[in-house]
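Structure data (mmCIF, C-alpha atoms) from my_file-v6.cif:
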data_query
#
loop_
_atom_site.group_PDB
_atom_site.id
_atom_site.type_symbol
_atom_site.label_atom_id
_atom_site.label_comp_id
_atom_site.auth_asym_id
_atom_site.auth_seq_id
_atom_site.Cartn_x
_atom_site.Cartn_y
_atom_site.Cartn_z
ATOM 1 C CA MET A 16 -15.820 -19.671 -7.585
ATOM 2 C CA SER A 17 -19.096 -18.572 -5.952
ATOM 3 C CA ILE A 18 -20.648 -15.112 -5.742
ATOM 4 C CA GLN A 19 -23.083 -13.978 -3.060
ATOM 5 C CA THR A 20 -24.946 -10.779 -3.863
ATOM 6 C CA HIS A 21 -25.540 -7.849 -1.519
ATOM 7 C CA ARG A 22 -28.491 -8.296 0.849
ATOM 8 C CA ILE A 23 -29.971 -6.085 3.550
ATOM 9 C CA ILE A 24 -31.954 -6.978 6.648
ATOM 10 C CA THR A 25 -33.888 -4.278 8.484
ATOM 11 C CA SER A 26 -33.389 -4.179 12.234
ATOM 12 C CA ARG A 27 -36.150 -3.642 14.788
ATOM 13 C CA VAL A 28 -34.250 -0.523 15.876
ATOM 14 C CA ARG A 29 -35.280 2.591 13.921
ATOM 15 C CA GLY A 30 -33.147 3.084 10.820
ATOM 16 C CA VAL A 31 -30.539 0.429 11.667
ATOM 17 C CA VAL A 32 -29.837 -1.885 8.731
ATOM 18 C CA TYR A 33 -27.746 -5.063 8.720
ATOM 19 C CA HIS A 34 -25.851 -5.663 5.464
ATOM 20 C CA GLU A 35 -24.454 -8.828 3.950
ATOM 21 C CA MET A 36 -22.064 -7.416 1.387
ATOM 22 C CA LYS A 37 -21.297 -8.840 -2.031
ATOM 23 C CA ASN A 38 -18.775 -11.639 -1.603
ATOM 24 C CA VAL A 39 -16.705 -13.492 -4.179
ATOM 25 C CA VAL A 40 -15.257 -16.763 -2.873
ATOM 26 C CA ASP A 41 -12.325 -18.081 -4.912
ATOM 27 C CA THR A 42 -10.109 -20.726 -3.320
ATOM 28 C CA VAL A 43 -7.337 -20.163 -5.886
ATOM 29 C CA ARG A 44 -7.082 -16.352 -6.026
ATOM 30 C CA GLY A 45 -8.509 -15.634 -2.566
ATOM 31 C CA ASN A 46 -11.803 -14.050 -1.535
ATOM 32 C CA LEU A 47 -13.028 -10.525 -2.133
ATOM 33 C CA THR A 48 -15.921 -8.638 -0.546
ATOM 34 C CA VAL A 49 -17.012 -5.282 -1.943
ATOM 35 C CA GLY A 50 -19.354 -2.365 -1.311
ATOM 36 C CA GLU A 51 -20.165 0.771 -3.293
ATOM 37 C CA PHE A 52 -20.727 3.924 -1.264
ATOM 38 C CA GLY A 53 -23.910 5.788 -2.116
ATOM 39 C CA PHE A 54 -25.222 2.639 -3.806
ATOM 40 C CA ASP A 55 -24.944 -0.481 -1.606
ATOM 41 C CA LEU A 56 -24.295 1.798 1.377
ATOM 42 C CA PRO A 57 -26.321 4.980 1.910
ATOM 43 C CA PHE A 58 -23.507 7.544 2.109
ATOM 44 C CA ARG A 59 -20.025 8.425 0.890
ATOM 45 C CA PRO A 60 -17.696 8.523 3.900
ATOM 46 C CA LEU A 61 -15.628 11.543 4.821
ATOM 47 C CA ARG A 62 -13.708 9.570 7.442
ATOM 48 C CA TYR A 63 -12.770 6.070 8.535
ATOM 49 C CA PHE A 64 -11.389 4.767 11.776
ATOM 50 C CA ILE A 65 -10.271 1.355 12.960
ATOM 51 C CA THR A 66 -10.325 0.198 16.570
ATOM 52 C CA TYR A 67 -7.879 -2.570 17.456
ATOM 53 C CA HIS A 68 -6.316 -4.208 20.519
ATOM 54 C CA VAL A 69 -9.489 -3.394 22.440
ATOM 55 C CA PRO A 70 -9.443 -5.347 25.740
ATOM 56 C CA GLU A 71 -12.230 -7.936 25.855
ATOM 57 C CA GLN A 72 -13.826 -6.347 28.929
ATOM 58 C CA THR A 73 -13.785 -2.848 27.424
ATOM 59 C CA THR A 74 -16.960 -1.209 26.156
ATOM 60 C CA ARG A 75 -16.572 1.457 23.468
ATOM 61 C CA GLY A 76 -19.157 3.777 21.980
ATOM 62 C CA GLU A 77 -21.867 4.538 24.547
ATOM 63 C CA HIS A 78 -23.029 7.574 22.620
ATOM 64 C CA ALA A 79 -25.227 8.672 19.732
ATOM 65 C CA HIS A 80 -24.523 11.219 17.001
ATOM 66 C CA ARG A 81 -26.631 14.244 16.158
ATOM 67 C CA ALA A 82 -25.855 14.229 12.414
ATOM 68 C CA CYS A 83 -23.140 11.663 11.616
ATOM 69 C CA ALA A 84 -24.164 8.306 10.122
ATOM 70 C CA GLN A 85 -21.837 5.306 10.446
ATOM 71 C CA PHE A 86 -21.264 1.923 8.879
ATOM 72 C CA LEU A 87 -19.432 -0.673 11.002
ATOM 73 C CA LEU A 88 -17.565 -3.586 9.475
ATOM 74 C CA SER A 89 -15.622 -6.155 11.469
ATOM 75 C CA VAL A 90 -12.735 -6.652 9.034
ATOM 76 C CA ALA A 91 -11.042 -9.188 11.341
ATOM 77 C CA GLY A 92 -12.096 -11.007 14.495
ATOM 78 C CA GLN A 93 -15.443 -10.174 16.009
ATOM 79 C CA CYS A 94 -17.332 -7.846 18.320
ATOM 80 C CA SER A 95 -20.909 -7.147 19.369
ATOM 81 C CA VAL A 96 -22.771 -3.922 18.665
ATOM 82 C CA LYS A 97 -25.765 -2.937 20.760
ATOM 83 C CA VAL A 98 -28.069 -0.388 19.127
ATOM 84 C CA ASP A 99 -30.882 1.481 20.867
ATOM 85 C CA ASP A 100 -33.384 4.004 19.462
ATOM 86 C CA GLY A 101 -34.771 4.899 22.905
ATOM 87 C CA GLU A 102 -37.602 2.407 22.521
ATOM 88 C CA ARG A 103 -36.146 -0.835 21.169
ATOM 89 C CA THR A 104 -32.688 -2.357 21.431
ATOM 90 C CA GLU A 105 -30.910 -5.037 19.436
ATOM 91 C CA GLU A 106 -27.547 -6.751 19.760
ATOM 92 C CA ILE A 107 -25.756 -7.517 16.508
ATOM 93 C CA VAL A 108 -22.699 -9.758 16.245
ATOM 94 C CA LEU A 109 -20.192 -8.736 13.578
ATOM 95 C CA ASP A 110 -18.000 -11.772 13.064
ATOM 96 C CA ARG A 111 -16.781 -11.708 9.454
ATOM 97 C CA PRO A 112 -15.624 -9.134 6.871
ATOM 98 C CA THR A 113 -18.724 -9.627 4.722
ATOM 99 C CA VAL A 114 -21.286 -8.287 7.202
ATOM 100 C CA GLY A 115 -21.788 -4.776 8.516
ATOM 101 C CA VAL A 116 -24.310 -2.543 10.193
ATOM 102 C CA TYR A 117 -25.549 0.907 9.214
ATOM 103 C CA ILE A 118 -26.280 3.160 12.191
ATOM 104 C CA PRO A 119 -28.112 6.434 11.449
ATOM 105 C CA PRO A 120 -27.882 9.574 13.598
ATOM 106 C CA LEU A 121 -29.811 9.546 16.883
ATOM 107 C CA VAL A 122 -29.248 5.854 17.605
ATOM 108 C CA TRP A 123 -27.322 5.010 20.795
ATOM 109 C CA ALA A 124 -24.589 2.460 20.032
ATOM 110 C CA THR A 125 -22.220 0.437 22.183
ATOM 111 C CA GLU A 126 -19.444 -1.912 21.019
ATOM 112 C CA HIS A 127 -18.245 -4.646 23.317
ATOM 113 C CA LYS A 128 -17.020 -8.284 23.503
ATOM 114 C CA HIS A 129 -14.119 -7.623 21.132
ATOM 115 C CA SER A 130 -12.074 -10.707 20.299
ATOM 116 C CA LEU A 131 -8.303 -10.417 20.703
ATOM 117 C CA ASP A 132 -7.878 -10.113 16.916
ATOM 118 C CA SER A 133 -10.793 -7.688 16.392
ATOM 119 C CA ARG A 134 -10.244 -4.954 13.798
ATOM 120 C CA LEU A 135 -13.438 -2.918 13.550
ATOM 121 C CA MET A 136 -13.602 -0.509 10.590
ATOM 122 C CA VAL A 137 -16.053 2.377 10.912
ATOM 123 C CA PHE A 138 -17.013 4.573 7.959
ATOM 124 C CA ALA A 139 -18.386 7.971 9.052
ATOM 125 C CA SER A 140 -20.441 10.336 6.907
ATOM 126 C CA LEU A 141 -18.929 13.461 8.503
ATOM 127 C CA PRO A 142 -15.546 14.664 9.783
ATOM 128 C CA TYR A 143 -14.816 14.409 13.496
ATOM 129 C CA ASP A 144 -16.744 16.976 15.533
ATOM 130 C CA PRO A 145 -16.883 16.647 19.334
ATOM 131 C CA ASP A 146 -20.150 18.658 19.364
ATOM 132 C CA ASP A 147 -21.831 15.947 17.265
ATOM 133 C CA TYR A 148 -21.578 13.437 20.142
ATOM 134 C CA ILE A 149 -24.457 12.866 22.571
ATOM 135 C CA ARG A 150 -22.821 11.222 25.579
ATOM 136 C CA ASP A 151 -25.623 11.662 28.098
ATOM 137 C CA TYR A 152 -28.293 8.958 27.833
ATOM 138 C CA ASP A 153 -31.066 11.126 29.284
ATOM 139 C CA GLU A 154 -30.278 13.890 26.807
ATOM 140 C CA PHE A 155 -30.453 11.262 24.055
ATOM 141 C CA LEU A 156 -33.877 10.090 25.264
ATOM 142 C CA GLY A 157 -35.110 13.671 25.253
ATOM 143 C CA LEU A 158 -33.858 14.229 21.698
ATOM 144 C CA VAL A 159 -35.674 11.128 20.391
ATOM 145 C CA GLY A 160 -38.857 12.097 22.201
ATOM 146 C CA LYS A 161 -38.647 9.470 24.939
ATOM 147 C CA SER A 162 -37.949 9.824 28.611
ATOM 148 C CA ARG A 163 -37.255 7.389 31.423
ATOM 149 C CA LEU A 164 -40.239 6.596 33.583
ATOM 150 C CA VAL A 165 -39.794 8.675 36.687
ATOM 151 C CA ARG A 166 -40.049 6.573 39.799
ATOM 152 C CA ASP A 167 -40.142 8.294 43.198
ATOM 153 C CA MET B 30 -2.243 7.320 26.085
ATOM 154 C CA SER B 31 -0.030 8.363 23.175
ATOM 155 C CA ILE B 32 -0.989 10.009 19.874
ATOM 156 C CA GLN B 33 1.010 9.747 16.660
ATOM 157 C CA THR B 34 0.072 12.294 14.005
ATOM 158 C CA HIS B 35 -0.444 11.604 10.301
ATOM 159 C CA ARG B 36 2.772 11.519 8.253
ATOM 160 C CA ILE B 37 3.425 10.946 4.562
ATOM 161 C CA ILE B 38 6.510 9.611 2.816
ATOM 162 C CA THR B 39 6.906 10.090 -0.928
ATOM 163 C CA SER B 40 7.874 6.995 -2.872
ATOM 164 C CA ARG B 41 10.425 6.869 -5.683
ATOM 165 C CA VAL B 42 7.585 5.672 -7.925
ATOM 166 C CA ARG B 43 5.672 8.541 -9.583
ATOM 167 C CA GLY B 44 2.718 9.677 -7.472
ATOM 168 C CA VAL B 45 2.858 6.796 -4.981
ATOM 169 C CA VAL B 46 2.699 8.014 -1.376
ATOM 170 C CA TYR B 47 3.178 5.962 1.794
ATOM 171 C CA HIS B 48 1.008 7.095 4.722
ATOM 172 C CA GLU B 49 1.415 6.608 8.445
ATOM 173 C CA MET B 50 -2.069 7.416 9.663
ATOM 174 C CA LYS B 51 -3.004 9.158 12.892
ATOM 175 C CA ASN B 52 -2.890 6.600 15.690
ATOM 176 C CA VAL B 53 -4.147 6.820 19.255
ATOM 177 C CA VAL B 54 -2.674 4.143 21.544
ATOM 178 C CA ASP B 55 -4.683 3.548 24.722
ATOM 179 C CA THR B 56 -4.015 0.351 26.656
ATOM 180 C CA VAL B 57 -7.240 0.717 28.670
ATOM 181 C CA ARG B 58 -9.811 1.590 25.981
ATOM 182 C CA GLY B 59 -7.979 0.048 23.006
ATOM 183 C CA ASN B 60 -6.264 1.691 20.049
ATOM 184 C CA LEU B 61 -7.789 3.766 17.270
ATOM 185 C CA THR B 62 -6.331 4.803 13.911
ATOM 186 C CA VAL B 63 -8.138 7.340 11.748
ATOM 187 C CA GLY B 64 -8.044 9.019 8.350
ATOM 188 C CA GLU B 65 -10.136 11.768 6.772
ATOM 189 C CA PHE B 66 -10.932 11.355 3.085
ATOM 190 C CA GLY B 67 -10.156 14.414 0.975
ATOM 191 C CA PHE B 68 -7.930 15.713 3.781
ATOM 192 C CA ASP B 69 -5.394 13.124 5.025
ATOM 193 C CA LEU B 70 -6.151 11.049 1.922
ATOM 194 C CA PRO B 71 -6.477 12.652 -1.514
ATOM 195 C CA PHE B 72 -9.933 11.409 -2.505
ATOM 196 C CA ARG B 73 -13.368 10.410 -1.213
ATOM 197 C CA PRO B 74 -13.942 6.753 -2.075
ATOM 198 C CA LEU B 75 -16.904 5.545 -4.087
ATOM 199 C CA ARG B 76 -16.071 1.919 -3.315
ATOM 200 C CA TYR B 77 -14.178 -0.336 -0.929
ATOM 201 C CA PHE B 78 -13.151 -3.932 -1.223
ATOM 202 C CA ILE B 79 -11.406 -6.349 1.111
ATOM 203 C CA THR B 80 -9.335 -9.311 -0.016
ATOM 204 C CA TYR B 81 -9.014 -12.168 2.479
ATOM 205 C CA HIS B 82 -7.981 -15.826 2.617
ATOM 206 C CA VAL B 83 -5.555 -15.124 -0.215
ATOM 207 C CA PRO B 84 -3.172 -18.110 -0.538
ATOM 208 C CA GLU B 85 0.406 -17.138 0.322
ATOM 209 C CA GLN B 86 1.683 -18.087 -3.149
ATOM 210 C CA THR B 87 -1.034 -16.099 -4.945
ATOM 211 C CA THR B 88 -0.279 -12.811 -6.656
ATOM 212 C CA ARG B 89 -3.171 -10.370 -7.060
ATOM 213 C CA GLY B 90 -3.327 -7.105 -8.942
ATOM 214 C CA GLU B 91 -0.942 -7.173 -11.920
ATOM 215 C CA HIS B 92 -2.709 -4.272 -13.559
ATOM 216 C CA ALA B 93 -2.910 -0.482 -13.629
ATOM 217 C CA HIS B 94 -5.987 1.757 -13.790
ATOM 218 C CA ARG B 95 -6.671 4.441 -16.387
ATOM 219 C CA ALA B 96 -8.586 6.768 -14.034
ATOM 220 C CA CYS B 97 -9.205 5.065 -10.669
ATOM 221 C CA ALA B 98 -6.991 5.985 -7.698
ATOM 222 C CA GLN B 99 -6.666 3.582 -4.769
ATOM 223 C CA PHE B 100 -5.578 3.584 -1.146
ATOM 224 C CA LEU B 101 -4.477 0.236 0.324
ATOM 225 C CA LEU B 102 -4.570 -0.479 4.045
ATOM 226 C CA SER B 103 -3.619 -3.816 5.600
ATOM 227 C CA VAL B 104 -6.238 -3.855 8.367
ATOM 228 C CA ALA B 105 -5.026 -7.259 9.635
ATOM 229 C CA GLY B 106 -2.014 -9.457 8.874
ATOM 230 C CA GLN B 107 0.393 -8.330 6.197
ATOM 231 C CA CYS B 108 1.137 -8.331 2.486
ATOM 232 C CA SER B 109 3.591 -6.758 0.068
ATOM 233 C CA VAL B 110 2.668 -4.284 -2.665
ATOM 234 C CA LYS B 111 4.942 -3.791 -5.663
ATOM 235 C CA VAL B 112 4.398 -0.521 -7.519
ATOM 236 C CA ASP B 113 5.851 0.334 -10.921
ATOM 237 C CA ASP B 114 5.526 3.557 -12.965
ATOM 238 C CA GLY B 115 7.231 2.046 -16.038
ATOM 239 C CA GLU B 116 10.587 3.449 -14.997
ATOM 240 C CA ARG B 117 11.050 2.794 -11.284
ATOM 241 C CA THR B 118 9.670 0.089 -9.005
ATOM 242 C CA GLU B 119 9.329 -0.157 -5.260
ATOM 243 C CA GLU B 120 8.140 -2.881 -2.893
ATOM 244 C CA ILE B 121 6.159 -1.726 0.110
ATOM 245 C CA VAL B 122 5.292 -3.950 3.076
ATOM 246 C CA LEU B 123 1.927 -3.226 4.693
ATOM 247 C CA ASP B 124 2.062 -4.935 8.065
ATOM 248 C CA ARG B 125 -0.180 -2.957 10.423
ATOM 249 C CA PRO B 126 -3.506 -1.089 10.342
ATOM 250 C CA THR B 127 -1.829 2.305 10.742
ATOM 251 C CA VAL B 128 0.083 2.342 7.430
ATOM 252 C CA GLY B 129 -1.247 2.525 3.900
ATOM 253 C CA VAL B 130 -0.229 3.361 0.375
ATOM 254 C CA TYR B 131 -1.841 5.698 -2.153
ATOM 255 C CA ILE B 132 -1.598 4.467 -5.740
ATOM 256 C CA PRO B 133 -2.601 6.952 -8.466
ATOM 257 C CA PRO B 134 -3.890 5.969 -11.912
ATOM 258 C CA LEU B 135 -1.307 4.675 -14.408
ATOM 259 C CA VAL B 136 0.827 2.882 -11.820
ATOM 260 C CA TRP B 137 1.177 -0.901 -12.223
ATOM 261 C CA ALA B 138 0.536 -2.638 -8.888
ATOM 262 C CA THR B 139 0.912 -6.200 -7.652
ATOM 263 C CA GLU B 140 -0.031 -7.602 -4.238
ATOM 264 C CA HIS B 141 1.669 -10.746 -2.976
ATOM 265 C CA LYS B 142 3.106 -12.528 0.096
ATOM 266 C CA HIS B 143 -0.217 -12.353 1.968
ATOM 267 C CA SER B 144 -0.052 -13.743 5.501
ATOM 268 C CA LEU B 145 -2.730 -16.271 6.451
ATOM 269 C CA ASP B 146 -4.606 -13.613 8.442
ATOM 270 C CA SER B 147 -4.242 -10.839 5.839
ATOM 271 C CA ARG B 148 -7.255 -8.542 5.396
ATOM 272 C CA LEU B 149 -6.356 -5.910 2.822
ATOM 273 C CA MET B 150 -8.812 -2.986 2.579
ATOM 274 C CA VAL B 151 -8.740 -1.028 -0.678
ATOM 275 C CA PHE B 152 -10.501 2.329 -1.079
ATOM 276 C CA ALA B 153 -11.220 3.173 -4.725
ATOM 277 C CA SER B 154 -12.022 6.633 -6.101
ATOM 278 C CA LEU B 155 -14.394 5.265 -8.760
ATOM 279 C CA PRO B 156 -17.022 2.527 -9.125
ATOM 280 C CA TYR B 157 -16.007 -0.780 -10.693
ATOM 281 C CA ASP B 158 -15.484 -0.494 -14.450
ATOM 282 C CA PRO B 159 -13.770 -3.350 -16.329
ATOM 283 C CA ASP B 160 -12.705 -0.871 -19.059
ATOM 284 C CA ASP B 161 -10.649 1.062 -16.498
ATOM 285 C CA TYR B 162 -8.231 -1.874 -16.086
ATOM 286 C CA ILE B 163 -4.976 -2.072 -18.048
ATOM 287 C CA ARG B 164 -3.981 -5.729 -17.860
ATOM 288 C CA ASP B 165 -1.359 -5.794 -20.613
ATOM 289 C CA TYR B 166 2.052 -4.606 -19.411
ATOM 290 C CA ASP B 167 3.200 -3.480 -22.855
ATOM 291 C CA GLU B 168 0.030 -1.423 -23.297
ATOM 292 C CA PHE B 169 0.752 0.109 -19.873
ATOM 293 C CA LEU B 170 4.315 1.014 -20.908
ATOM 294 C CA GLY B 171 2.969 2.653 -24.065
ATOM 295 C CA LEU B 172 0.456 4.698 -22.068
ATOM 296 C CA VAL B 173 3.126 6.025 -19.686
ATOM 297 C CA GLY B 174 5.433 6.858 -22.587
ATOM 298 C CA LYS B 175 7.900 4.031 -22.033
ATOM 299 C CA SER B 176 8.546 0.943 -24.067
ATOM 300 C CA ARG B 177 10.613 -2.157 -23.565
ATOM 301 C CA LEU B 178 13.983 -2.112 -25.313
ATOM 302 C CA VAL B 179 13.558 -4.207 -28.429
ATOM 303 C CA ARG B 180 16.278 -6.817 -28.714
ATOM 304 C CA ASP B 181 16.541 -8.897 -31.882
#
Kindly present the structure from the file in structure tokens form.
Amino acid sequence: MSIQTHRIITSRVRGVVYHEMKNVVDTVRGNLTVGEFGFDLPFRPLRYFITYHVPEQTTRGEHAHRACAQFLLSVAGQCSVKVDDGERTEEIVLDRPTVGVYIPPLVWATEHKHSLDSRLMVFASLPYDPDDYIRDYDEFLGLVGKSRLVRD
Amino acid sequence: MSIQTHRIITSRVRGVVYHEMKNVVDTVRGNLTVGEFGFDLPFRPLRYFITYHVPEQTTRGEHAHRACAQFLLSVAGQCSVKVDDGERTEEIVLDRPTVGVYIPPLVWATEHKHSLDSRLMVFASLPYDPDDYIRDYDEFLGLVGKSRLVRD
């Protein structure tokens, strides 16, 4: 049996944190990966959702949240998450149940390249609220104090 | 697109509730299943864990909790959960990401028959505490006010 402890890696995108969760590998009893909310992860969720059977060409997300924080965990299969704070972007591959990414409010996120067997679990800090979504990229840039260079 | 609403089915085992979670089926964007903690589900978790690569012959669980409540969701693959309140037992198959089972404290639970691709997500109402585990079945029966018939 081997135990890997929880480890975090800060992203170059403001507030985004990549997590390698505690993982217990046991070839006899099976493996177990664990996280404590409010301790390993920075919030206690009020909601979860799972996306599944997402066509490989489909892009999900393409929005930011005003107040809701999220933690994304690829429980099965894999997908890519692109995060963007209006200044820097980063693409993160989630390809095993032991790694996840924390996305704070006011970060634009896009999920794509889902494998056929992808099961992406998202923990959300707040209940569903359509008014919490920022779906317009220019509005997002304004809210984070950036704007596109205007070219005539 | 079709939407199935959240539905609960009471088990014959005390306090155990089977949940069919809200499910949005969308062949273009992919499917999404969702649950709100403290609303659809009776508690806000302080912890999650995922078991994976559990050998098919392996049995996990085989204990009850004194205070911790759990919600089990088979995010990928399938497994069977046997629940036992000291009087009645029931075997529940979790074979898709849209169904789960709530297990209150003082119910003996066993997970077995994991498929090769099984990824079982467990939400727990309390942090890990080894003293919360009841691993002796006779002690469990005593705590729930039952005892085995003594045969000489």
- Message: So that I can see what lies close to stretch 144-158 of chain B, please list as a PyMOL selection string the residues with an atom at most 6 Å from it, counting all atoms listed in the file and leaving out residues fewer than 3 positions away in the same chain.
- Response: chain B and resi 74-81+97-107+161
- Message: When you look at stretch 102-106 of chain A with a cut-off of 7 Å (counting all atoms listed in the file), what residues show up, excluding the ones that are within fewer than 5 positions of it in the same chain? I need them as an NGL selection string.
- Response: :A and (27-28 or 95-97)
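Each of A:Ala79, A:Val31, A:Val114, A:Cys94 was compared to A:Gln19 using only C-alpha atoms, and A:Val114 turns out to be the nearest.
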- Item | Ref. answer, residues at most 6 Å from (-31.3, 3.5, 19.7) with only C-alpha atoms, as number ranges by chain | A: 98-101, 122-123
- Task: Would you write out, as a count of residues only, every residue that the PyMOL selection byres ((chain B and resi 52-58) around 9) captures in this file?
- Result: 21
- Item | Given all atoms listed in the file as the counted atoms, nearest of A:Leu56, A:Leu158, A:Ala82, A:Ile107 to chain B | A:Leu56
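Take atom CA of B:Ile163 and atom CA of B:Glu91: the distance between them is 8.9 Å.
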With N, CA and C atoms as the target, complete stretch 33-55 of chain B and hand it back as a PDB file, in the coordinates of the input.
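Once written, rebuild-v7.pdb looks like this:
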ATOM      1  N   GLN B  33       0.097   9.484  17.767  1.00  0.00           N
ATOM      2  CA  GLN B  33       1.010   9.747  16.660  1.00  0.00           C
ATOM      3  C   GLN B  33       0.220  10.457  15.563  1.00  0.00           C
ATOM      4  N   THR B  34       0.787  11.532  15.034  1.00  0.00           N
ATOM      5  CA  THR B  34       0.072  12.294  14.005  1.00  0.00           C
ATOM      6  C   THR B  34       0.318  11.680  12.627  1.00  0.00           C
ATOM      7  N   HIS B  35      -0.521  12.076  11.683  1.00  0.00           N
ATOM      8  CA  HIS B  35      -0.444  11.604  10.301  1.00  0.00           C
ATOM      9  C   HIS B  35       0.862  12.089   9.650  1.00  0.00           C
ATOM     10  N   ARG B  36       1.486  11.200   8.871  1.00  0.00           N
ATOM     11  CA  ARG B  36       2.772  11.519   8.253  1.00  0.00           C
ATOM     12  C   ARG B  36       2.805  10.870   6.881  1.00  0.00           C
ATOM     13  N   ILE B  37       3.336  11.557   5.891  1.00  0.00           N
ATOM     14  CA  ILE B  37       3.425  10.946   4.562  1.00  0.00           C
ATOM     15  C   ILE B  37       4.893  10.851   4.124  1.00  0.00           C
ATOM     16  N   ILE B  38       5.167   9.822   3.351  1.00  0.00           N
ATOM     17  CA  ILE B  38       6.510   9.611   2.816  1.00  0.00           C
ATOM     18  C   ILE B  38       6.357   9.375   1.312  1.00  0.00           C
ATOM     19  N   THR B  39       7.016  10.209   0.519  1.00  0.00           N
ATOM     20  CA  THR B  39       6.906  10.090  -0.928  1.00  0.00           C
ATOM     21  C   THR B  39       7.743   8.913  -1.405  1.00  0.00           C
ATOM     22  N   SER B  40       7.171   8.145  -2.304  1.00  0.00           N
ATOM     23  CA  SER B  40       7.874   6.995  -2.872  1.00  0.00           C
ATOM     24  C   SER B  40       8.736   7.442  -4.041  1.00  0.00           C
ATOM     25  N   ARG B  41       9.647   6.556  -4.489  1.00  0.00           N
ATOM     26  CA  ARG B  41      10.425   6.869  -5.683  1.00  0.00           C
ATOM     27  C   ARG B  41       9.636   6.591  -6.954  1.00  0.00           C
ATOM     28  N   VAL B  42       8.455   5.962  -6.779  1.00  0.00           N
ATOM     29  CA  VAL B  42       7.585   5.672  -7.925  1.00  0.00           C
ATOM     30  C   VAL B  42       6.592   6.834  -8.074  1.00  0.00           C
ATOM     31  N   ARG B  43       6.462   7.335  -9.299  1.00  0.00           N
ATOM     32  CA  ARG B  43       5.672   8.541  -9.583  1.00  0.00           C
ATOM     33  C   ARG B  43       4.279   8.524  -8.944  1.00  0.00           C
ATOM     34  N   GLY B  44       4.051   9.470  -8.041  1.00  0.00           N
ATOM     35  CA  GLY B  44       2.718   9.677  -7.472  1.00  0.00           C
ATOM     36  C   GLY B  44       2.356   8.767  -6.318  1.00  0.00           C
ATOM     37  N   VAL B  45       3.167   7.743  -6.067  1.00  0.00           N
ATOM     38  CA  VAL B  45       2.858   6.796  -4.981  1.00  0.00           C
ATOM     39  C   VAL B  45       3.296   7.403  -3.649  1.00  0.00           C
ATOM     40  N   VAL B  46       2.409   7.398  -2.679  1.00  0.00           N
ATOM     41  CA  VAL B  46       2.699   8.014  -1.376  1.00  0.00           C
ATOM     42  C   VAL B  46       2.364   7.017  -0.265  1.00  0.00           C
ATOM     43  N   TYR B  47       3.326   6.837   0.630  1.00  0.00           N
ATOM     44  CA  TYR B  47       3.178   5.962   1.794  1.00  0.00           C
ATOM     45  C   TYR B  47       2.655   6.816   2.951  1.00  0.00           C
ATOM     46  N   HIS B  48       1.629   6.327   3.633  1.00  0.00           N
ATOM     47  CA  HIS B  48       1.008   7.095   4.722  1.00  0.00           C
ATOM     48  C   HIS B  48       1.138   6.366   6.055  1.00  0.00           C
ATOM     49  N   GLU B  49       1.582   7.081   7.068  1.00  0.00           N
ATOM     50  CA  GLU B  49       1.415   6.608   8.445  1.00  0.00           C
ATOM     51  C   GLU B  49       0.248   7.409   9.017  1.00  0.00           C
ATOM     52  N   MET B  50      -0.843   6.729   9.277  1.00  0.00           N
ATOM     53  CA  MET B  50      -2.069   7.416   9.663  1.00  0.00           C
ATOM     54  C   MET B  50      -2.035   7.809  11.139  1.00  0.00           C
ATOM     55  N   LYS B  51      -2.873   8.758  11.491  1.00  0.00           N
ATOM     56  CA  LYS B  51      -3.004   9.158  12.892  1.00  0.00           C
ATOM     57  C   LYS B  51      -3.361   7.937  13.730  1.00  0.00           C
ATOM     58  N   ASN B  52      -2.721   7.802  14.876  1.00  0.00           N
ATOM     59  CA  ASN B  52      -2.890   6.600  15.690  1.00  0.00           C
ATOM     60  C   ASN B  52      -2.935   6.975  17.170  1.00  0.00           C
ATOM     61  N   VAL B  53      -3.970   6.548  17.834  1.00  0.00           N
ATOM     62  CA  VAL B  53      -4.147   6.820  19.255  1.00  0.00           C
ATOM     63  C   VAL B  53      -3.996   5.487  19.991  1.00  0.00           C
ATOM     64  N   VAL B  54      -2.944   5.378  20.805  1.00  0.00           N
ATOM     65  CA  VAL B  54      -2.674   4.143  21.544  1.00  0.00           C
ATOM     66  C   VAL B  54      -3.153   4.319  22.981  1.00  0.00           C
ATOM     67  N   ASP B  55      -4.063   3.441  23.396  1.00  0.00           N
ATOM     68  CA  ASP B  55      -4.683   3.548  24.722  1.00  0.00           C
ATOM     69  C   ASP B  55      -4.860   2.126  25.246  1.00  0.00           C
TER      70      ASP B  55
END
